[in-house]
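Visitor: The following block contains the structure, expressed as C-alpha cells.
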Amino acid sequence: MSQYREIAWQGLWKNNPGLVQLLGLCPLLAVTATFTNAIGLGVATMVVLIASNVLVSLVRDFVPKDIRIPVFVMIIAALVTAVQLLINAYAYGLYLSLGIFLPLIVTNCIIIGRAEAFASRNSPLKAAFDGLMMGMGFTLVLMVLGAAREILGQGTLFDGADQLLGSWASVLRIEVWHVNTPFLLAMLPPGAFFGVGLLIALKNVIDKKLSARKTQAAATIVTRARVTKVN
C-alpha cells in the first residue's frame, strides 16, 4: 500500500505533470479557455495515459530496447485515434472545440515520459495506477485553470457542457456574473500563462509551509528525546 500511496502522491502533487514537470503545456495553455474543454481534454488524456501504460507494461519484455520508443509511440497513436473517433462520434461539439489538440495527445510528453520512465519498468497494475494518478493530476490542473479563466473571461461556468454530455447538460451552465464584454486577457493564451504561474507559485508556497512544519515537528521530537535522556 505504501508504494501505491507514493505513486498517488507523486502524480497528484509532488511530481504533478502540469505544475512540476511542466509537460503538456501546449494544450494546457490553449484549450483551457472553458471548464468544459478542460474536462474533455483531461479525461481523454487520462484514458490514453492509463491504456498506454498498461499496454507498454504488457509488451515491455518482448520489445527490443533499440526500438522501444517507436513502438511506444505507435501504441499511443493507436489509442489516441480510438479516443478521437469516440469523441467525434459521441461528442462532436467537443471534438470541434478541441480541434488539433486532440490528435496532438500523441506527442504529449506526459504520456511518452510515463511509458518510458515507469510503465516499461513495472507491472501492469502499478502502471495503470500511475497512469490514473498522473492523468488525474494533469486533469485537475486543467479543470482549475479552465474554471478560473472561464469565470474571469466570460462570467460563466460549465458553458458548452452540452458539447460533452449531451443536450440535457445545457441546464448546467451557470452565469456567475453578467459580462457585457469578455475579458480577453483571461480567454487568450497569455492569460493562461499568468494562471499557470499563479498555480505554480501557490504550490511552492504550500510546499514550503509543509516543509517548515515537518522540520519543526522533527526538531520537537529531537528536543523531547534529549530531555527524556537527561531525566
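Following the order of the C-alpha cells, first chain is A, next is B, and so on, with residues numbered from 1 inside each chain and ligands from 1 in the order they appear.
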Please extract the residues of range 22-106 of chain A with a backbone DSSP assignment of alpha helix (DSSP H) and present them as a VMD selection string.
Guide: chain A and resid 25 to 30 35 to 59 68 to 90 92 to 98
Visitor: Which residues, written as a list in words, have at least one atom at most 10 Å from Val171 in chain A, with only C-alpha atoms counted and residues fewer than 2 positions away on the same chain left out?
Guide: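 Those residues are Phe158, Asp159, Ala161, Asp162, Ser167, Trp168, Ala169, Arg173 and Ile174 of chain A.
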Visitor: For each of A:Val179, A:Ala127, A:Ala192, A:Val80, take the minimum atom-to-atom distance to Ala30 in chain A, counting only C-alpha atoms, then give the residue where this is smallest.
Guide: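 Using only C-alpha atoms, the shortest distance to Ala30 in chain A belongs to A:Ala192.
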Visitor: Of the residues A:Val47, A:Val63, A:Ala77, A:Val31, which is the one nearest to Leu98 in chain A, using only C-alpha atoms?
Guide: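 Nearest to Leu98 in chain A: A:Val31.
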Visitor: Would you mind writing down, as number ranges by chain, each residue of chain A that DSSP on the backbone assigns to strand (DSSP E)?
Guide: A: 156-157, 174-175
Visitor: For the contact check between range 21-118 of chain A and range 193-196 of chain A, emit one row per residue of range 21-118 of chain A within 10 Å, containing the shortest atom pair and the distance in Å rounded to one decimal, counting only C-alpha atoms, chain then rising number order, as CSV.
Guide:
residue,atom,partner,partner_atom,distance
A:Leu22,CA,A:Val196,CA,9.6
A:Leu25,CA,A:Val196,CA,9.3
A:Leu28,CA,A:Val196,CA,8.7
A:Leu29,CA,A:Phe193,CA,6.7
A:Ala30,CA,A:Phe193,CA,9.8
Visitor: Have a look at A:Met136, A:Ser57, A:Asp66, A:Thr34 and name the one nearest to Trp9 in chain A; count only C-alpha atoms.
Guide: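 Smallest separation from Trp9 in chain A among the options: A:Met136.
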Visitor: Got a sec: who's within 10 Å of Pro124 in chain A, counting only C-alpha atoms, leaving out chain neighbours fewer than 5 positions off, as a list of chain:residue names?
Guide: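 Contacts, in chain order: A:Ile50, A:Ala51, A:Asn53, A:Val54, A:Leu55, A:Val56, A:Ser57, A:Leu58, A:Val59, A:Ala119, A:Phe129, A:Asp130.
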Visitor: With only C-alpha atoms as the counted atoms, please give the residues lying no more than 10 Å from Gly191 in chain A, apart from itself and same-chain residues fewer than 6 positions off, as a list in words.
Guide: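 Selected residues are Leu29, Ala30, Ala33, Leu145, Arg149, Leu152, Gly153, Phe183, Leu184, Leu185 and Gly197 of chain A.
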